[in-house]
Structures are given as C-alpha cells and as structure tokens.
>>> print(open('work.csv').read())   # CSV, N, CA and C atoms
chain,number,residue,atom,x,y,z
A,122,MET,N,-30.2,-17.9,32.7
A,122,MET,CA,-30.4,-16.6,33.2
A,122,MET,C,-30.6,-16.6,34.7
A,123,PRO,N,-29.7,-15.8,35.4
A,123,PRO,CA,-29.8,-15.9,36.9
A,123,PRO,C,-31.0,-15.2,37.5
A,124,ILE,N,-31.6,-14.3,36.8
A,124,ILE,CA,-32.9,-13.6,37.3
A,124,ILE,C,-34.0,-13.7,36.2
A,125,THR,N,-35.1,-14.3,36.7
A,125,THR,CA,-36.3,-14.4,35.8
A,125,THR,C,-37.3,-13.4,36.3
A,126,TYR,N,-37.8,-12.5,35.4
A,126,TYR,CA,-38.7,-11.5,35.8
A,126,TYR,C,-40.1,-12.0,35.5
A,127,LYS,N,-40.9,-12.1,36.5
A,127,LYS,CA,-42.3,-12.5,36.3
A,127,LYS,C,-43.1,-11.2,36.5
A,128,LYS,N,-44.4,-11.3,36.6
A,128,LYS,CA,-45.3,-10.1,36.7
A,128,LYS,C,-44.9,-9.2,37.9
A,129,THR,N,-44.8,-9.8,39.0
A,129,THR,CA,-44.5,-9.0,40.2
A,129,THR,C,-43.4,-9.6,41.1
A,130,VAL,N,-42.7,-10.6,40.6
A,130,VAL,CA,-41.6,-11.2,41.3
A,130,VAL,C,-40.4,-11.4,40.5
A,131,ALA,N,-39.3,-11.1,41.0
A,131,ALA,CA,-38.0,-11.4,40.4
A,131,ALA,C,-37.5,-12.6,41.0
A,132,VAL,N,-37.2,-13.7,40.3
A,132,VAL,CA,-36.7,-14.9,40.8
A,132,VAL,C,-35.2,-15.0,40.6
A,133,LEU,N,-34.5,-15.0,41.7
A,133,LEU,CA,-33.0,-15.1,41.6
A,133,LEU,C,-32.6,-16.5,41.8
A,134,ASP,N,-31.9,-17.0,40.8
A,134,ASP,CA,-31.4,-18.4,40.8
A,134,ASP,C,-29.9,-18.6,40.9
A,135,ASP,N,-29.4,-19.5,41.6
A,135,ASP,CA,-28.0,-19.9,41.7
A,135,ASP,C,-27.1,-18.8,42.0
A,136,ASN,N,-26.4,-18.3,41.1
A,136,ASN,CA,-25.3,-17.3,41.3
A,136,ASN,C,-25.7,-16.0,40.5
A,137,CYS,N,-25.9,-14.9,41.2
A,137,CYS,CA,-26.3,-13.7,40.6
A,137,CYS,C,-25.1,-12.7,40.7
A,138,ASP,N,-24.5,-12.3,39.6
A,138,ASP,CA,-23.3,-11.5,39.5
A,138,ASP,C,-23.7,-10.0,39.4
A,139,ILE,N,-22.7,-9.2,39.4
A,139,ILE,CA,-22.8,-7.7,39.4
A,139,ILE,C,-23.6,-7.3,38.1
A,140,GLU,N,-23.4,-8.0,37.0
A,140,GLU,CA,-24.0,-7.7,35.8
A,140,GLU,C,-25.5,-7.6,35.8
A,141,GLU,N,-26.1,-8.3,36.7
A,141,GLU,CA,-27.6,-8.3,36.9
A,141,GLU,C,-28.1,-7.1,37.8
A,142,ALA,N,-27.3,-6.5,38.5
A,142,ALA,CA,-27.7,-5.5,39.4
A,142,ALA,C,-28.5,-4.3,38.8
A,143,GLU,N,-27.9,-3.7,37.7
A,143,GLU,CA,-28.6,-2.6,37.1
A,143,GLU,C,-29.9,-2.9,36.5
A,144,GLU,N,-30.0,-4.1,35.9
A,144,GLU,CA,-31.3,-4.5,35.3
A,144,GLU,C,-32.4,-4.7,36.5
A,145,LEU,N,-31.9,-5.3,37.6
A,145,LEU,CA,-32.8,-5.6,38.7
A,145,LEU,C,-33.3,-4.2,39.3
A,146,LEU,N,-32.4,-3.3,39.4
A,146,LEU,CA,-32.7,-2.0,39.9
A,146,LEU,C,-33.8,-1.3,39.0
A,147,SER,N,-33.6,-1.3,37.7
A,147,SER,CA,-34.5,-0.7,36.8
A,147,SER,C,-35.9,-1.4,36.9
A,148,TRP,N,-35.9,-2.7,37.0
A,148,TRP,CA,-37.2,-3.4,37.1
A,148,TRP,C,-37.9,-3.1,38.4
A,149,LEU,N,-37.1,-3.0,39.5
A,149,LEU,CA,-37.8,-2.6,40.8
A,149,LEU,C,-38.3,-1.2,40.8
A,150,ILE,N,-37.6,-0.3,40.1
A,150,ILE,CA,-38.1,1.1,40.0
A,150,ILE,C,-39.4,1.1,39.3
A,151,GLU,N,-39.5,0.3,38.2
A,151,GLU,CA,-40.8,0.3,37.5
A,151,GLU,C,-41.9,-0.4,38.2
A,152,LYS,N,-41.5,-1.3,39.1
A,152,LYS,CA,-42.5,-2.1,39.9
A,152,LYS,C,-42.2,-2.0,41.4
A,153,PRO,N,-42.6,-0.9,42.0
A,153,PRO,CA,-42.2,-0.6,43.4
A,153,PRO,C,-42.8,-1.6,44.4
A,154,LYS,N,-43.8,-2.3,44.1
A,154,LYS,CA,-44.4,-3.2,45.0
A,154,LYS,C,-44.0,-4.7,44.7
A,155,ALA,N,-43.1,-4.8,43.8
A,155,ALA,CA,-42.6,-6.2,43.4
A,155,ALA,C,-41.8,-6.8,44.6
A,156,LYS,N,-41.6,-8.1,44.5
A,156,LYS,CA,-40.9,-8.9,45.5
A,156,LYS,C,-39.8,-9.6,44.8
A,157,VAL,N,-38.9,-10.2,45.6
A,157,VAL,CA,-37.8,-11.0,45.1
A,157,VAL,C,-38.0,-12.4,45.7
A,158,ASN,N,-37.7,-13.4,44.9
A,158,ASN,CA,-37.8,-14.8,45.4
A,158,ASN,C,-36.3,-15.3,45.3
A,159,LEU,N,-35.8,-15.7,46.5
A,159,LEU,CA,-34.4,-16.1,46.7
A,159,LEU,C,-34.3,-17.6,46.9
A,160,LYS,N,-35.4,-18.3,46.7
A,160,LYS,CA,-35.4,-19.8,47.0
A,160,LYS,C,-34.3,-20.6,46.5
A,161,ASN,N,-33.9,-20.4,45.3
A,161,ASN,CA,-32.8,-21.2,44.7
A,161,ASN,C,-31.5,-20.4,44.6
A,162,LEU,N,-31.3,-19.4,45.3
A,162,LEU,CA,-30.1,-18.6,45.3
A,162,LEU,C,-29.0,-19.3,46.1
A,163,SER,N,-27.8,-19.3,45.5
A,163,SER,CA,-26.7,-19.8,46.3
A,163,SER,C,-25.7,-18.7,46.6
A,164,HIS,N,-25.7,-17.7,45.8
A,164,HIS,CA,-24.7,-16.6,46.0
A,164,HIS,C,-25.2,-15.3,45.2
A,165,MET,N,-25.0,-14.2,45.8
A,165,MET,CA,-25.3,-12.9,45.1
A,165,MET,C,-24.2,-11.9,45.3
A,166,HIS,N,-23.9,-11.1,44.3
A,166,HIS,CA,-23.0,-10.1,44.4
A,166,HIS,C,-23.5,-9.0,45.4
A,167,THR,N,-22.7,-8.4,46.1
A,167,THR,CA,-23.1,-7.3,47.0
A,167,THR,C,-23.9,-6.2,46.4
A,168,ALA,N,-23.7,-6.0,45.1
A,168,ALA,CA,-24.4,-4.9,44.4
A,168,ALA,C,-25.9,-5.3,44.3
A,169,ILE,N,-26.2,-6.6,44.1
A,169,ILE,CA,-27.6,-7.0,44.1
A,169,ILE,C,-28.2,-6.9,45.5
A,170,LEU,N,-27.5,-7.2,46.5
A,170,LEU,CA,-27.9,-7.1,47.9
A,170,LEU,C,-28.2,-5.6,48.2
A,171,GLN,N,-27.4,-4.7,47.7
A,171,GLN,CA,-27.6,-3.3,47.9
A,171,GLN,C,-28.8,-2.8,47.2
A,172,VAL,N,-29.1,-3.3,46.0
A,172,VAL,CA,-30.3,-3.0,45.3
A,172,VAL,C,-31.6,-3.4,46.1
A,173,ILE,N,-31.5,-4.6,46.6
A,173,ILE,CA,-32.7,-5.1,47.4
A,173,ILE,C,-32.8,-4.2,48.7
A,174,MET,N,-31.7,-3.9,49.3
A,174,MET,CA,-31.8,-3.2,50.6
A,174,MET,C,-32.3,-1.7,50.3
A,175,ALA,N,-31.7,-1.1,49.3
A,175,ALA,CA,-32.1,0.3,49.0
A,175,ALA,C,-33.5,0.5,48.5
A,176,SER,N,-34.0,-0.5,47.9
A,176,SER,CA,-35.4,-0.5,47.4
A,176,SER,C,-36.4,-1.0,48.4
A,177,ASN,N,-35.9,-1.5,49.5
A,177,ASN,CA,-36.7,-2.0,50.6
A,177,ASN,C,-37.7,-3.1,50.0
A,178,THR,N,-37.2,-3.9,49.1
A,178,THR,CA,-38.0,-4.9,48.5
A,178,THR,C,-38.3,-6.1,49.4
A,179,GLU,N,-39.5,-6.5,49.4
A,179,GLU,CA,-39.9,-7.7,50.2
A,179,GLU,C,-39.4,-9.0,49.6
A,180,VAL,N,-39.0,-9.9,50.4
A,180,VAL,CA,-38.6,-11.2,50.0
A,180,VAL,C,-39.7,-12.2,50.1
A,181,SER,N,-40.1,-12.8,49.0
A,181,SER,CA,-41.3,-13.7,49.0
A,181,SER,C,-40.9,-15.1,49.3
A,182,ALA,N,-39.6,-15.5,49.1
A,182,ALA,CA,-39.1,-16.8,49.4
A,182,ALA,C,-37.6,-16.7,49.7
A,183,TRP,N,-37.3,-17.2,50.9
A,183,TRP,CA,-35.9,-17.2,51.3
A,183,TRP,C,-35.1,-18.4,50.7
A,184,PRO,N,-33.8,-18.3,50.7
A,184,PRO,CA,-33.0,-19.4,50.1
A,184,PRO,C,-33.2,-20.7,50.9
A,185,GLN,N,-33.2,-21.8,50.1
A,185,GLN,CA,-33.4,-23.1,50.8
A,185,GLN,C,-32.2,-23.5,51.6
A,186,GLU,N,-31.0,-23.2,51.1
A,186,GLU,CA,-29.8,-23.5,51.9
A,186,GLU,C,-29.7,-22.7,53.2
A,187,GLN,N,-29.7,-23.4,54.3
A,187,GLN,CA,-29.8,-22.7,55.6
A,187,GLN,C,-28.8,-21.7,55.8
A,188,ALA,N,-27.5,-21.9,55.5
A,188,ALA,CA,-26.5,-20.9,55.7
A,188,ALA,C,-26.7,-19.7,54.9
A,189,VAL,N,-27.1,-19.8,53.7
A,189,VAL,CA,-27.4,-18.7,52.8
A,189,VAL,C,-28.6,-17.9,53.3
A,190,ARG,N,-29.6,-18.7,53.7
A,190,ARG,CA,-30.9,-18.1,54.2
A,190,ARG,C,-30.6,-17.2,55.5
A,191,GLU,N,-29.8,-17.8,56.4
A,191,GLU,CA,-29.5,-17.1,57.6
A,191,GLU,C,-28.7,-15.8,57.4
A,192,LYS,N,-27.8,-15.9,56.5
A,192,LYS,CA,-26.9,-14.8,56.2
A,192,LYS,C,-27.8,-13.7,55.5
A,193,MET,N,-28.6,-14.1,54.6
A,193,MET,CA,-29.5,-13.1,53.9
A,193,MET,C,-30.4,-12.4,54.9
A,194,GLN,N,-31.0,-13.2,55.8
A,194,GLN,CA,-31.9,-12.6,56.8
A,194,GLN,C,-31.2,-11.7,57.7
A,195,TRP,N,-30.0,-12.0,58.1
A,195,TRP,CA,-29.2,-11.2,59.0
A,195,TRP,C,-28.8,-9.9,58.2
A,196,LEU,N,-28.4,-10.0,57.0
A,196,LEU,CA,-28.0,-8.8,56.2
A,196,LEU,C,-29.2,-7.9,55.9
A,197,LEU,N,-30.3,-8.5,55.7
A,197,LEU,CA,-31.5,-7.7,55.5
A,197,LEU,C,-32.3,-7.3,56.8
A,198,ASN,N,-31.6,-7.6,57.9
A,198,ASN,CA,-32.2,-7.2,59.2
A,198,ASN,C,-33.6,-7.8,59.4
A,199,VAL,N,-33.8,-9.0,59.1
A,199,VAL,CA,-35.1,-9.7,59.3
A,199,VAL,C,-35.1,-10.3,60.7
A,200,ASP,N,-36.1,-10.0,61.5
A,200,ASP,CA,-36.3,-10.6,62.8
A,200,ASP,C,-36.8,-12.0,62.7
A,201,THR,N,-36.0,-13.1,62.7
A,201,THR,CA,-36.4,-14.4,62.6
A,201,THR,C,-37.0,-15.0,63.9
A,202,HIS,N,-36.9,-14.3,64.9
A,202,HIS,CA,-37.4,-14.7,66.2
A,202,HIS,C,-38.8,-14.1,66.6
A,203,SER,N,-39.3,-13.3,65.7
A,203,SER,CA,-40.6,-12.6,66.0
A,203,SER,C,-41.7,-13.6,66.0
A,204,THR,N,-42.7,-13.5,66.9
A,204,THR,CA,-43.8,-14.4,66.9
A,204,THR,C,-45.0,-13.8,66.2
A,205,SER,N,-44.9,-12.5,65.8
A,205,SER,CA,-46.1,-12.0,65.1
A,205,SER,C,-46.0,-12.1,63.6
>>> encode(input="work.csv", output="structure tokens")
Amino acid sequence: MPITYKKTVAVLDDNCDIEEAEELLSWLIEKPKAKVNLKNLSHMHTAILQVIMASNTEVSAWPQEQAVREKMQWLLNVDTHSTS
C-alpha cells in the first residue's frame, strides 16, 4: 500500500498514484493538523501534490533521494536556505 495512515502522519512510500489522492484528501480533512512523511517517496501523481498543497499540510520527513527532495521542496515553496 503506497500510503500508510498512522495516528497523525500519512506515510507515502515509493510510487503514489492518482487512486490514493481522494483517500488522502478525506483523511487530511478529518485530521487537519496531520502531517505527511515523504521519506521513502520516489514519485507522486500531481493530484497527490495538489492535495498536500491545498490542505497546507506540513511535511514531517522529506524524500531521501536528493533530486526528489529538491523538487518537492521547490514545488511546495519551501525555503531551504532559511537560517531560522
């Protein structure tokens, strides 16, 4: 299963397709303070990215793979150069 739902964190693993977007959205609506863990993510459908962006969900762990991490941080407008 590409997304594992824990108490307050959705863990996205490997490749998350469009089929997971609606369930993720429903879960995030029920848990507005929840976070997403992208540590083992290698690819996500843009619908999942849109869910994360629209819900303003915090990322608790970024992808391990540098290229994926940098792209996700850029897409989610994260300031990686901030010192605070």
>>> select_by_dssp(input="work.csv", residues="chain A", states="helix (DSSP H, G or I)", output="MDAnalysis selection string")
chainID A and resid 139:151 167:176 187:196
>>> closest_residue(input="work.csv", among="A:Leu145, A:Thr129, A:Cys137, A:Leu159", to="A:Ser181", atoms="all atoms listed in the file")
A:Leu159
>>> residues_near_point(input="work.csv", point="(-29.0, -9.1, 40.2)", cutoff="5 Å", atoms="only N, CA and C atoms", output="tab-separated table (two decimals) with N, CA and C atoms, keeping the file's coordinate frame")
chain	number	residue	atom	x	y	z
A	141	GLU	N	-26.10	-8.30	36.70
A	141	GLU	CA	-27.60	-8.30	36.90
A	141	GLU	C	-28.10	-7.10	37.80
A	142	ALA	N	-27.30	-6.50	38.50
A	142	ALA	CA	-27.70	-5.50	39.40
A	142	ALA	C	-28.50	-4.30	38.80
A	169	ILE	N	-26.20	-6.60	44.10
A	169	ILE	CA	-27.60	-7.00	44.10
A	169	ILE	C	-28.20	-6.90	45.50
>>> select_by_dssp(input="work.csv", residues="chain A", states="strand (DSSP E)", output="list in words")
Ile124, Thr125, Tyr126, Val130, Ala131, Val132, Leu133, Asp134, Asp135, Asn136, Cys137, Lys156, Val157, Asn158, Leu159, Lys160, Asn161, Leu162, Ser163, His164, Met165, Glu179, Val180, Ser181 and Ala182 of chain A
>>> closest_residue(input="work.csv", among="A:Glu143, A:Val157, A:Glu191, A:Gln185", to="A:Lys127", atoms="only C-alpha atoms")
A:Val157
>>> residues_around(input="work.csv", residues="A:Asn158", least_positions_apart="3", cutoff="5 Å", atoms="only N, CA and C atoms", output="ChimeraX atom specification")
/A:131-133,181-182
>>> atom_distance(input="work.csv", atom1="atom N of A:Asn136", atom2="atom CA of A:Pro123")
5.9 Å
>>> closest_residue(input="work.csv", among="A:Ala188, A:Glu179, A:Ile139, A:Lys128", to="A:Thr167", atoms="all atoms listed in the file")
A:Ile139
>>> atom_distance(input="work.csv", atom1="atom C of A:Met193", atom2="atom N of A:Lys152")
22.3 Å
>>> atom_distance(input="work.csv", atom1="atom N of A:Trp148", atom2="atom C of A:Asp135")
19.0 Å
>>> closest_residue(input="work.csv", among="A:His166, A:Val189, A:Val180, A:Leu149", to="A:Tyr126", atoms="only C-alpha atoms")
A:Leu149
